[in-house]
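This is protein.tsv. It holds TSV, C-alpha atoms.
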```tsv
chain	number	residue	atom	x	y	z
A	1	MET	CA	-10.60	18.84	-28.77
A	2	GLN	CA	-13.48	16.62	-29.84
A	3	SER	CA	-13.13	14.08	-27.02
A	4	ILE	CA	-10.98	14.78	-23.99
A	5	VAL	CA	-9.70	13.10	-20.88
A	6	LYS	CA	-9.52	15.43	-17.89
A	7	ALA	CA	-6.52	14.48	-15.76
A	8	THR	CA	-5.90	16.02	-12.35
A	9	TYR	CA	-2.34	16.18	-11.03
A	10	ARG	CA	-1.25	17.08	-7.51
A	11	VAL	CA	1.81	19.28	-7.97
A	12	ARG	CA	4.27	20.56	-5.40
A	13	SER	CA	5.28	24.07	-6.39
A	14	ASP	CA	5.46	27.70	-5.34
A	15	ALA	CA	2.74	30.09	-6.46
A	16	HIS	CA	5.09	31.96	-8.80
A	17	SER	CA	6.01	28.82	-10.76
A	18	ILE	CA	2.78	26.81	-10.83
A	19	GLU	CA	1.37	28.19	-14.09
A	20	GLY	CA	4.56	27.30	-15.90
A	21	ARG	CA	4.65	23.84	-14.27
A	22	ALA	CA	1.04	23.23	-15.31
A	23	ARG	CA	1.71	24.20	-18.93
A	24	ALA	CA	4.84	22.03	-18.94
A	25	ILE	CA	2.85	18.98	-17.77
A	26	ALA	CA	0.19	19.61	-20.42
A	27	VAL	CA	2.84	19.70	-23.14
A	28	GLU	CA	4.84	16.78	-21.71
A	29	GLN	CA	1.78	14.54	-21.60
A	30	SER	CA	0.63	15.39	-25.11
A	31	VAL	CA	3.25	16.38	-27.71
A	32	GLU	CA	6.50	16.40	-25.69
A	33	MET	CA	8.12	19.17	-27.72
A	34	PRO	CA	8.12	22.96	-27.92
A	35	VAL	CA	4.66	24.05	-29.03
A	36	GLU	CA	6.11	26.90	-31.08
A	37	ALA	CA	7.90	24.30	-33.22
A	38	ILE	CA	4.57	22.73	-34.29
A	39	ASP	CA	3.30	24.08	-37.59
A	40	ASP	CA	0.32	21.76	-38.02
A	41	GLU	CA	-2.81	23.64	-36.97
A	42	MET	CA	-4.80	20.49	-36.22
A	43	VAL	CA	-2.11	19.29	-33.80
A	44	ARG	CA	-1.91	22.69	-32.11
A	45	ALA	CA	-5.70	22.88	-31.77
A	46	GLU	CA	-6.63	19.27	-31.04
A	47	ILE	CA	-3.64	17.38	-29.66
A	48	VAL	CA	-1.62	19.79	-27.51
A	49	GLY	CA	-2.76	19.46	-23.89
A	50	ARG	CA	-4.59	22.39	-22.28
A	51	VAL	CA	-4.55	23.57	-18.68
A	52	LEU	CA	-8.16	23.74	-17.52
A	53	ASP	CA	-7.76	24.72	-13.89
A	54	ILE	CA	-5.22	25.36	-11.15
A	55	ALA	CA	-6.42	25.19	-7.53
A	56	ASP	CA	-4.24	26.17	-4.57
A	57	ARG	CA	-4.61	23.60	-1.80
A	58	GLY	CA	-2.20	25.31	0.50
A	59	ASN	CA	1.22	24.40	1.87
A	60	GLY	CA	2.78	24.47	-1.60
A	61	ILE	CA	0.38	21.94	-3.13
A	62	PHE	CA	-1.72	22.67	-6.23
A	63	ALA	CA	-4.34	20.65	-8.10
A	64	VAL	CA	-3.78	21.05	-11.82
A	65	GLN	CA	-6.45	19.81	-14.25
A	66	ILE	CA	-5.37	19.21	-17.83
A	67	ALA	CA	-7.35	18.26	-20.93
A	68	LEU	CA	-5.76	15.58	-23.11
A	69	ALA	CA	-7.03	14.28	-26.44
A	70	ALA	CA	-8.70	10.89	-26.05
A	71	GLU	CA	-7.68	10.12	-29.63
A	72	THR	CA	-4.06	9.83	-28.50
A	73	ILE	CA	-5.01	6.84	-26.33
A	74	GLY	CA	-6.93	4.62	-28.71
A	75	ALA	CA	-8.04	1.41	-26.98
A	76	ASP	CA	-4.71	0.46	-25.41
A	77	ALA	CA	-4.39	0.36	-21.62
A	78	GLY	CA	-0.62	0.81	-21.79
A	79	GLN	CA	-0.97	3.87	-24.01
A	80	LEU	CA	-3.64	5.16	-21.63
A	81	MET	CA	-1.10	5.32	-18.81
A	82	ASN	CA	1.63	6.58	-21.13
A	83	MET	CA	-0.44	9.59	-22.16
A	84	LEU	CA	-1.72	10.28	-18.67
A	85	PHE	CA	1.46	9.91	-16.68
A	86	GLY	CA	4.29	8.44	-18.75
A	87	ASN	CA	6.94	11.14	-18.58
A	88	SER	CA	5.44	13.17	-15.74
A	89	SER	CA	5.76	10.15	-13.42
A	90	ILE	CA	9.52	10.76	-13.52
A	91	HIS	CA	9.07	14.11	-11.78
A	92	ASP	CA	9.01	13.61	-8.02
A	93	ASP	CA	6.78	16.66	-7.48
A	94	VAL	CA	3.83	15.33	-9.48
A	95	ILE	CA	1.12	12.80	-8.51
A	96	LEU	CA	-1.62	11.62	-10.85
A	97	GLU	CA	-4.65	12.12	-8.64
A	98	ASP	CA	-7.81	11.61	-10.68
A	99	ILE	CA	-9.17	11.20	-14.20
A	100	GLN	CA	-12.50	11.97	-15.84
A	101	PHE	CA	-12.92	9.67	-18.83
A	102	PRO	CA	-15.27	10.29	-21.75
A	103	SER	CA	-17.99	7.66	-21.85
A	104	ALA	CA	-16.90	6.40	-25.27
A	105	LEU	CA	-13.43	5.59	-23.94
A	106	VAL	CA	-14.86	3.78	-20.92
A	107	GLY	CA	-17.05	1.74	-23.25
A	108	THR	CA	-14.00	0.76	-25.27
A	109	PHE	CA	-12.39	-0.86	-22.24
A	110	GLY	CA	-15.64	-2.39	-21.00
A	111	GLY	CA	-15.07	-2.94	-17.28
A	112	PRO	CA	-15.73	-6.13	-15.25
A	113	ARG	CA	-17.77	-8.97	-16.66
A	114	HIS	CA	-18.61	-10.66	-13.36
A	115	GLY	CA	-18.14	-8.27	-10.45
A	116	PRO	CA	-19.52	-8.79	-6.93
A	117	ASP	CA	-22.66	-10.62	-8.05
A	118	GLY	CA	-20.74	-13.06	-10.21
A	119	LEU	CA	-18.22	-13.77	-7.46
A	120	ARG	CA	-21.03	-14.44	-4.99
A	121	GLN	CA	-22.83	-16.74	-7.42
A	122	ARG	CA	-19.69	-18.85	-7.80
A	123	VAL	CA	-19.76	-19.76	-4.11
A	124	GLY	CA	-23.52	-19.78	-3.63
A	125	ALA	CA	-23.55	-16.68	-1.43
A	126	SER	CA	-26.33	-14.17	-1.02
A	127	ARG	CA	-25.53	-10.46	-0.70
A	128	ARG	CA	-23.06	-10.83	2.12
A	129	PRO	CA	-19.36	-10.15	2.60
A	130	LEU	CA	-17.12	-12.83	1.10
A	131	THR	CA	-14.07	-14.43	2.71
A	132	CYS	CA	-10.67	-15.22	1.28
A	133	SER	CA	-7.22	-16.40	2.32
A	134	ALA	CA	-3.82	-17.01	0.73
A	135	LEU	CA	-1.58	-20.03	0.24
A	136	LYS	CA	1.81	-19.31	1.83
A	137	PRO	CA	4.77	-19.47	2.20
A	138	GLN	CA	6.81	-19.81	-0.92
A	139	GLY	CA	8.86	-22.98	-1.06
A	140	LEU	CA	6.03	-25.43	-0.36
A	141	SER	CA	5.30	-28.23	-2.81
A	142	PRO	CA	1.97	-28.53	-4.64
A	143	ILE	CA	0.96	-31.31	-2.24
A	144	LYS	CA	1.58	-29.14	0.82
A	145	LEU	CA	-0.19	-26.15	-0.72
A	146	ALA	CA	-3.13	-28.38	-1.60
A	147	ASP	CA	-3.30	-29.51	2.02
A	148	LEU	CA	-3.52	-25.88	3.13
A	149	ALA	CA	-6.25	-25.21	0.57
A	150	ARG	CA	-8.16	-28.27	1.80
A	151	ARG	CA	-8.05	-27.07	5.39
A	152	PHE	CA	-9.17	-23.57	4.43
A	153	ALA	CA	-12.10	-25.14	2.58
A	154	GLN	CA	-12.95	-27.30	5.57
A	155	GLY	CA	-13.17	-24.08	7.54
A	156	GLY	CA	-15.78	-22.80	5.09
A	157	ILE	CA	-13.83	-20.07	3.30
A	158	ASP	CA	-15.21	-18.75	-0.01
A	159	TYR	CA	-11.99	-18.18	-1.95
A	160	VAL	CA	-8.39	-19.26	-1.56
A	161	LYS	CA	-5.69	-17.70	-3.70
A	162	ASP	CA	-2.03	-18.18	-4.45
A	163	ASP	CA	0.35	-15.89	-2.67
A	164	HIS	CA	1.35	-13.40	-5.36
A	165	GLY	CA	4.96	-14.62	-5.13
A	166	LEU	CA	3.96	-18.10	-6.27
A	167	ALA	CA	4.71	-18.38	-9.97
A	168	ASP	CA	6.14	-21.31	-11.93
A	169	GLN	CA	9.02	-22.20	-9.60
A	170	ALA	CA	10.74	-25.57	-9.64
A	171	TYR	CA	9.42	-26.41	-6.17
A	172	SER	CA	5.85	-25.61	-7.21
A	173	PRO	CA	5.28	-25.72	-10.98
A	174	PHE	CA	2.14	-23.85	-12.00
A	175	THR	CA	0.30	-26.71	-13.71
A	176	ALA	CA	1.14	-29.26	-11.02
A	177	ARG	CA	0.04	-26.83	-8.31
A	178	VAL	CA	-3.24	-26.01	-10.04
A	179	GLU	CA	-4.11	-29.64	-10.64
A	180	GLU	CA	-3.24	-30.70	-7.08
A	181	ILE	CA	-5.21	-27.90	-5.42
A	182	ALA	CA	-8.21	-28.19	-7.73
A	183	GLU	CA	-8.40	-31.93	-7.07
A	184	ALA	CA	-8.15	-31.40	-3.31
A	185	LEU	CA	-11.07	-28.96	-3.34
A	186	ARG	CA	-13.17	-31.16	-5.65
A	187	GLY	CA	-12.69	-34.02	-3.23
A	188	LEU	CA	-14.45	-32.02	-0.52
A	189	GLY	CA	-17.47	-31.26	-2.67
A	190	GLY	CA	-17.87	-27.78	-1.22
A	191	SER	CA	-18.12	-24.34	-2.80
A	192	THR	CA	-14.62	-22.98	-2.06
A	193	ARG	CA	-12.98	-21.53	-5.17
A	194	TYR	CA	-9.24	-21.45	-5.85
A	195	MET	CA	-7.58	-18.71	-7.89
A	196	PRO	CA	-4.00	-19.27	-9.07
A	197	SER	CA	-1.63	-16.36	-9.69
A	198	LEU	CA	-0.62	-15.67	-13.29
A	199	SER	CA	3.01	-14.86	-14.11
A	200	GLY	CA	5.44	-14.70	-17.00
A	201	ASP	CA	4.97	-13.28	-20.48
A	202	LEU	CA	1.69	-13.10	-22.35
A	203	ASP	CA	2.04	-16.54	-23.90
A	204	ALA	CA	2.85	-18.08	-20.52
A	205	MET	CA	-0.16	-16.44	-18.87
A	206	ARG	CA	-2.46	-17.60	-21.65
A	207	ALA	CA	-1.19	-21.15	-21.15
A	208	GLN	CA	-1.71	-20.83	-17.39
A	209	ILE	CA	-5.32	-19.75	-17.89
A	210	GLY	CA	-5.76	-22.78	-20.15
A	211	ALA	CA	-4.34	-25.05	-17.43
A	212	ALA	CA	-6.61	-23.47	-14.83
A	213	ARG	CA	-9.68	-23.90	-17.03
A	214	ALA	CA	-8.72	-27.53	-17.75
A	215	ALA	CA	-8.60	-28.13	-13.99
A	216	GLY	CA	-12.13	-26.75	-13.63
A	217	LEU	CA	-11.20	-23.32	-12.26
A	218	ASP	CA	-13.03	-20.12	-13.18
A	219	ALA	CA	-11.02	-17.41	-11.39
A	220	VAL	CA	-7.41	-16.24	-11.54
A	221	MET	CA	-5.30	-13.47	-10.05
A	222	ILE	CA	-3.10	-11.08	-11.99
A	223	ALA	CA	-0.85	-8.20	-10.92
A	224	PRO	CA	-1.53	-5.64	-13.69
A	225	MET	CA	1.50	-3.50	-12.87
A	226	ILE	CA	3.79	-6.55	-13.10
A	227	ALA	CA	2.14	-8.17	-16.13
A	228	GLY	CA	1.61	-4.86	-17.92
A	229	LEU	CA	-1.73	-3.11	-18.22
A	230	ALA	CA	-2.10	-3.90	-21.91
A	231	ASN	CA	-1.44	-7.59	-21.28
A	232	ALA	CA	-3.92	-7.66	-18.40
A	233	GLN	CA	-6.48	-5.93	-20.61
A	234	ARG	CA	-5.98	-8.48	-23.40
A	235	LEU	CA	-6.25	-11.50	-21.10
A	236	ILE	CA	-9.43	-10.20	-19.50
A	237	ARG	CA	-11.01	-9.47	-22.88
A	238	ASP	CA	-10.00	-12.86	-24.31
A	239	HIS	CA	-11.35	-14.94	-21.40
A	240	PRO	CA	-14.89	-13.74	-20.63
A	241	ASP	CA	-15.74	-16.83	-18.57
A	242	ILE	CA	-12.88	-16.24	-16.12
A	243	ALA	CA	-13.12	-13.87	-13.14
A	244	PHE	CA	-10.00	-11.75	-12.64
A	245	PHE	CA	-8.67	-10.52	-9.31
A	246	ALA	CA	-6.21	-7.62	-9.58
A	247	HIS	CA	-3.27	-7.75	-7.14
A	248	PRO	CA	-1.56	-4.48	-6.07
A	249	SER	CA	2.08	-5.59	-6.38
A	250	LEU	CA	4.29	-2.80	-7.82
A	251	SER	CA	1.44	-0.30	-7.51
A	252	GLY	CA	3.27	1.93	-5.04
A	253	SER	CA	3.80	4.65	-7.63
A	254	ARG	CA	2.70	8.26	-7.64
A	255	ILE	CA	-0.77	7.36	-8.88
A	256	ALA	CA	-3.50	7.94	-6.29
A	257	PRO	CA	-4.72	4.51	-5.05
A	258	PRO	CA	-8.47	5.23	-5.49
A	259	LEU	CA	-7.76	6.13	-9.11
A	260	LEU	CA	-5.51	3.15	-9.85
A	261	PHE	CA	-7.49	0.43	-8.05
A	262	GLY	CA	-11.03	1.77	-8.11
A	263	LYS	CA	-11.12	3.38	-11.55
A	264	ILE	CA	-8.33	2.15	-13.84
A	265	PHE	CA	-8.20	-1.52	-12.78
A	266	ARG	CA	-11.99	-1.58	-12.79
A	267	MET	CA	-12.23	-0.03	-16.26
A	268	LEU	CA	-9.77	-2.65	-17.55
A	269	GLY	CA	-12.11	-5.37	-16.28
A	270	ALA	CA	-10.93	-6.47	-12.83
A	271	ASP	CA	-13.83	-8.24	-11.10
A	272	ALA	CA	-12.17	-7.72	-7.72
A	273	VAL	CA	-9.39	-5.38	-6.61
A	274	ILE	CA	-7.04	-6.34	-3.78
A	275	TYR	CA	-5.50	-3.40	-1.93
A	276	PRO	CA	-3.74	-2.67	1.38
A	277	ASN	CA	-6.18	-2.04	4.19
A	278	TYR	CA	-5.63	0.61	6.83
A	279	GLY	CA	-4.05	-0.53	10.07
A	280	GLY	CA	-2.11	-3.39	8.48
A	281	ARG	CA	1.40	-3.71	7.05
A	282	PHE	CA	1.02	-0.70	4.78
A	283	GLY	CA	0.41	2.98	5.38
A	284	TYR	CA	-2.96	3.61	3.76
A	285	SER	CA	-5.34	5.80	5.74
A	286	PRO	CA	-8.97	4.90	6.46
A	287	GLU	CA	-10.07	7.67	4.10
A	288	THR	CA	-7.92	6.34	1.25
A	289	CYS	CA	-9.38	2.87	1.75
A	290	ARG	CA	-12.91	4.24	1.87
A	291	GLU	CA	-12.27	6.11	-1.40
A	292	ILE	CA	-10.89	2.97	-3.07
A	293	ALA	CA	-13.98	1.00	-2.11
A	294	ARG	CA	-16.27	3.80	-3.21
A	295	ALA	CA	-14.56	4.13	-6.60
A	296	ALA	CA	-14.73	0.36	-7.14
A	297	LEU	CA	-18.44	0.12	-6.30
A	298	GLU	CA	-20.13	3.36	-7.31
A	299	GLU	CA	-22.38	3.51	-10.34
A	300	ARG	CA	-20.34	5.06	-13.12
A	301	ASP	CA	-20.49	5.00	-16.92
A	302	GLY	CA	-22.59	1.84	-16.94
A	303	LEU	CA	-19.71	-0.26	-15.60
A	304	THR	CA	-20.20	-3.36	-13.49
A	305	ALA	CA	-18.67	-2.85	-10.04
A	306	SER	CA	-15.40	-4.35	-8.89
A	307	LEU	CA	-15.47	-6.05	-5.49
A	308	PRO	CA	-13.11	-4.35	-2.98
A	309	VAL	CA	-10.73	-6.79	-1.25
A	310	PRO	CA	-8.88	-5.07	1.64
A	311	ALA	CA	-5.87	-7.07	2.80
A	312	GLY	CA	-2.34	-6.87	4.19
A	313	GLY	CA	-1.87	-7.90	7.80
A	314	MET	CA	-5.55	-8.24	8.67
A	315	THR	CA	-6.65	-10.31	11.68
A	316	VAL	CA	-9.77	-12.20	12.68
A	317	GLY	CA	-10.13	-9.81	15.60
A	318	ARG	CA	-10.71	-6.94	13.19
A	319	VAL	CA	-13.57	-8.55	11.24
A	320	ARG	CA	-16.33	-6.65	13.05
A	321	ASP	CA	-14.58	-3.30	12.63
A	322	MET	CA	-13.89	-3.90	8.93
A	323	LEU	CA	-17.48	-4.88	8.20
A	324	ASP	CA	-18.79	-1.89	10.12
A	325	PHE	CA	-16.44	0.28	8.04
A	326	TYR	CA	-17.08	-1.22	4.59
A	327	GLY	CA	-20.53	-2.81	4.74
A	328	PRO	CA	-21.55	-6.01	2.91
A	329	ASP	CA	-20.03	-5.32	-0.51
A	330	ILE	CA	-16.58	-6.52	0.40
A	331	MET	CA	-14.32	-9.58	0.43
A	332	LEU	CA	-12.16	-9.86	3.53
A	333	LEU	CA	-8.74	-11.38	2.86
A	334	ILE	CA	-6.91	-12.71	5.92
A	335	GLY	CA	-3.78	-14.76	5.31
A	336	GLY	CA	-0.95	-14.81	7.83
A	337	ASP	CA	-3.20	-14.50	10.88
A	338	LEU	CA	-4.99	-17.72	9.90
A	339	LEU	CA	-1.83	-19.55	8.88
A	340	ALA	CA	-0.27	-18.71	12.24
A	341	ALA	CA	-2.83	-21.06	13.81
A	342	ARG	CA	-0.93	-23.97	12.18
A	343	GLU	CA	-2.57	-27.20	13.39
A	344	ARG	CA	-5.69	-25.20	14.33
A	345	LEU	CA	-6.05	-23.71	10.85
A	346	VAL	CA	-9.47	-25.27	10.22
A	347	GLU	CA	-10.84	-24.03	13.55
A	348	GLU	CA	-9.43	-20.51	13.07
A	349	THR	CA	-10.85	-20.35	9.55
A	350	LYS	CA	-14.24	-21.38	10.91
A	351	ALA	CA	-13.97	-18.58	13.45
A	352	PHE	CA	-13.20	-16.11	10.66
A	353	VAL	CA	-16.12	-17.27	8.52
A	354	GLY	CA	-18.38	-17.39	11.57
A	355	ALA	CA	-17.51	-13.82	12.52
A	356	VAL	CA	-18.49	-12.65	9.03
A	357	LEU	CA	-21.79	-14.56	9.06
A	358	GLU	CA	-22.58	-13.50	12.63
A	359	HIS	CA	-22.05	-9.84	11.77
A	360	ARG	CA	-24.37	-10.21	8.78
A	361	SER	CA	-27.15	-11.65	10.94
A	362	GLU	CA	-27.06	-8.83	13.50
```
The structure given in the file should be rewritten as structure tokens.
Amino acid sequence: MQSIVKATYRVRSDAHSIEGRARAIAVEQSVEMPVEAIDDEMVRAEIVGRVLDIADRGNGIFAVQIALAAETIGADAGQLMNMLFGNSSIHDDVILEDIQFPSALVGTFGGPRHGPDGLRQRVGASRRPLTCSALKPQGLSPIKLADLARRFAQGGIDYVKDDHGLADQAYSPFTARVEEIAEALRGLGGSTRYMPSLSGDLDAMRAQIGAARAAGLDAVMIAPMIAGLANAQRLIRDHPDIAFFAHPSLSGSRIAPPLLFGKIFRMLGADAVIYPNYGGRFGYSPETCREIARAALEERDGLTASLPVPAGGMTVGRVRDMLDFYGPDIMLLIGGDLLAARERLVEETKAFVGAVLEHRSE
């Protein structure tokens, strides 16, 4: 193979069967047919997947590394996932754990355009942790959501985003919501940025980005697994002036989170990646979260970093611990814990922002 992708799968198997399982995955993820039925020598030599390594991790778990032809992927993010895990994702004994991409393929996708530095510049921040919250619950009108955004901004927060369930509902149409919230924040004259959540088909999301830009916004949120990776890739490429936050909705598949959030979403161009933090509503371990952040930030293939955004049931009381754990290259997203303050939302937001700034000054 001239250019290969090395994909590592975590496979549950017995020692007697693992070589056959590994070969089956290699064939399934490349030609999906009996190899003996292929009479084209180029296909047999260059396209059929090859098992590179099988490592026994104990307790019936094996790490299987397979070489796949990069030419089968092209420059399409959807085809990337199809060739890496399309059919094998249906097997409940296989997890896609890691990928080593050839540099030419990484360059084709391009990675983030803005990253941590660009997100800090938007709010006039130095190299410090950023703060974020969410507009909830669903069912509120644009006016009520704008009031929440205003109070978050009065508390000094850097970014405020739509809840990912906000779309283009009758009670809160996208364009009306964007215009109302953008106007509310402009009226304060501060630096708080608002990012609306994109939804619908590709044409609808393009129109939503246009409405956001017309309202003076320069950041949006997209859920790549809902929108489709190829659609997310296209929108990011077509709107270089817009910062994109990747939301994790529907990402609970058998793809290792550090790979999906830290490598794949980053390679597609996500400037920030939101993911479930340990100790919240979801079951990620501290080590998984550390690996996600590392994959999003580490120098790799000349890519700009993606900013890690741990979230999901976080509280103001955990700010110090999270900053000790992650360091300054992070955006802390606290939603429900702030909203629970209700009439004291401004004061609680100030406490959140103050805790971040105080930790930075220590």
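Atom CA of A:Asp14 to atom CA of A:Ser253 spans 23.2 Å [interatomic distance, one decimal].
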Find the spatial neighbours of A:Ala204, counting only C-alpha atoms, within a cut-off of 12 Å - ignore same-chain residues fewer than 6 positions away - and output them as JSON, numbers by chain.
{"A": [167, 168, 174, 175, 197, 198, 210, 211, 227, 231, 235]}
Output file for the selection above: C-alpha atoms, as a PDB file, in the coordinates of the input:
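What follows is the written file selection20.pdb:
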```
ATOM      1  CA  ALA A 167       4.710 -18.380  -9.970  1.00  0.00           C
ATOM      2  CA  ASP A 168       6.140 -21.310 -11.930  1.00  0.00           C
ATOM      3  CA  PHE A 174       2.140 -23.850 -12.000  1.00  0.00           C
ATOM      4  CA  THR A 175       0.300 -26.710 -13.710  1.00  0.00           C
ATOM      5  CA  SER A 197      -1.630 -16.360  -9.690  1.00  0.00           C
ATOM      6  CA  LEU A 198      -0.620 -15.670 -13.290  1.00  0.00           C
ATOM      7  CA  GLY A 210      -5.760 -22.780 -20.150  1.00  0.00           C
ATOM      8  CA  ALA A 211      -4.340 -25.050 -17.430  1.00  0.00           C
ATOM      9  CA  ALA A 227       2.140  -8.170 -16.130  1.00  0.00           C
ATOM     10  CA  ASN A 231      -1.440  -7.590 -21.280  1.00  0.00           C
ATOM     11  CA  LEU A 235      -6.250 -11.500 -21.100  1.00  0.00           C
TER      12      LEU A 235
END
```
When you look at A:Pro137 with a cut-off of 9 Å (counting only C-alpha atoms), what residues show up, excluding the ones that are within fewer than 4 positions of it in the same chain? I need them as number ranges by chain.
A: 145, 163, 165-166
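If you measure from each of A:Ala149, A:Thr192, A:Arg186, A:Val356 to A:Gly124 using all atoms listed in the file, the closest one turns out to be A:Thr192.
As for atom CA of A:Val273 and atom CA of A:Val353, they are spaced 20.4 Å apart.
Restricting the calculation to all atoms listed in the file, the smallest distance between A:Arg234 and any of A:Glu298, A:Ala77, A:His164, A:Gly200 is found for A:Ala77.
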Using all atoms listed in the file, which residues sit within 7 Å of A:Arg50 once same-chain residues fewer than 2 positions away are excluded, as a PDB file with C-alpha atoms, in the coordinates of the input?
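The file below, selection_8.pdb, is the result:
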```
ATOM      1  CA  ALA A  26       0.190  19.610 -20.420  1.00  0.00           C
ATOM      2  CA  VAL A  48      -1.620  19.790 -27.510  1.00  0.00           C
ATOM      3  CA  LEU A  52      -8.160  23.740 -17.520  1.00  0.00           C
ATOM      4  CA  ILE A  66      -5.370  19.210 -17.830  1.00  0.00           C
ATOM      5  CA  ALA A  67      -7.350  18.260 -20.930  1.00  0.00           C
ATOM      6  CA  LEU A  68      -5.760  15.580 -23.110  1.00  0.00           C
TER       7      LEU A  68
END
```
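Put simply, atom CA of A:Ala293 is 6.7 Å away from atom CA of A:Gly262.
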Could you make a table, as a Markdown table, of the residues of stretch 211-314 of chain A that have an atom within 12 Å of an atom of stretch 327-335 of chain A, each with its nearest atom pair and distance in Å to one decimal, counting only C-alpha atoms, in chain and number order?
```
| residue | atom | partner | partner_atom | distance |
| --- | --- | --- | --- | --- |
| A:Phe245 | CA | A:Met331 | CA | 11.3 |
| A:His247 | CA | A:Leu333 | CA | 12.0 |
| A:Asp271 | CA | A:Met331 | CA | 11.6 |
| A:Ala272 | CA | A:Met331 | CA | 8.6 |
| A:Val273 | CA | A:Met331 | CA | 9.6 |
| A:Ile274 | CA | A:Leu333 | CA | 8.5 |
| A:Tyr275 | CA | A:Leu333 | CA | 9.9 |
| A:Pro276 | CA | A:Leu333 | CA | 10.2 |
| A:Asn277 | CA | A:Leu333 | CA | 9.8 |
| A:Gly280 | CA | A:Ile334 | CA | 10.8 |
| A:Cys289 | CA | A:Ile330 | CA | 11.9 |
| A:Arg290 | CA | A:Gly327 | CA | 10.8 |
| A:Ile292 | CA | A:Ile330 | CA | 11.6 |
| A:Ala293 | CA | A:Ile330 | CA | 8.3 |
| A:Arg294 | CA | A:Asp329 | CA | 10.2 |
| A:Ala296 | CA | A:Asp329 | CA | 10.2 |
| A:Leu297 | CA | A:Asp329 | CA | 8.1 |
| A:Glu298 | CA | A:Asp329 | CA | 11.0 |
| A:Ala305 | CA | A:Asp329 | CA | 9.9 |
| A:Ser306 | CA | A:Ile330 | CA | 9.6 |
| A:Leu307 | CA | A:Ile330 | CA | 6.0 |
| A:Pro308 | CA | A:Ile330 | CA | 5.3 |
| A:Val309 | CA | A:Met331 | CA | 4.8 |
| A:Pro310 | CA | A:Leu332 | CA | 6.1 |
| A:Ala311 | CA | A:Leu333 | CA | 5.2 |
| A:Gly312 | CA | A:Ile334 | CA | 7.6 |
| A:Gly313 | CA | A:Ile334 | CA | 7.2 |
| A:Met314 | CA | A:Ile334 | CA | 5.4 |
```
Near stretch 97-115 of chain A, 12 Å: stretch 10-71 of chain A residue rows, closest pairs, all atoms listed in the file, as a Markdown table:
```
| residue | atom | partner | partner_atom | distance |
| --- | --- | --- | --- | --- |
| A:Arg10 | CA | A:Glu97 | CA | 6.1 |
| A:Val11 | CA | A:Glu97 | CA | 9.7 |
| A:Phe62 | CA | A:Glu97 | CA | 11.2 |
| A:Ala63 | CA | A:Glu97 | CA | 8.6 |
| A:Val64 | CA | A:Glu97 | CA | 9.5 |
| A:Gln65 | CA | A:Ile99 | CA | 9.0 |
| A:Ile66 | CA | A:Ile99 | CA | 9.6 |
| A:Ala67 | CA | A:Gln100 | CA | 9.6 |
| A:Leu68 | CA | A:Phe101 | CA | 10.2 |
| A:Ala69 | CA | A:Pro102 | CA | 10.3 |
| A:Ala70 | CA | A:Leu105 | CA | 7.4 |
| A:Glu71 | CA | A:Leu105 | CA | 9.3 |
```
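The closest residue to A:Arg23, picked from A:Val35, A:Leu260, A:Ile255, A:Ala45 and counting only C-alpha atoms, is A:Val35.
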A:Val43 environment, 10 Å, only C-alpha atoms, sequence neighbours closer than 5 positions dropped, as an MDAnalysis selection string:
chainID A and resid 1 30:31 35 38 48:49
Mind working out the centre and edge lengths of an axis-aligned box for stretch 169-185 of chain A, all listed atoms inside, 6 Å added to each side, rounded to one decimal in Å and written as JSON?
```
{"center_x": -0.2, "center_y": -27.1, "center_z": -8.5, "size_x": 33.8, "size_y": 21.7, "size_z": 22.4}
```
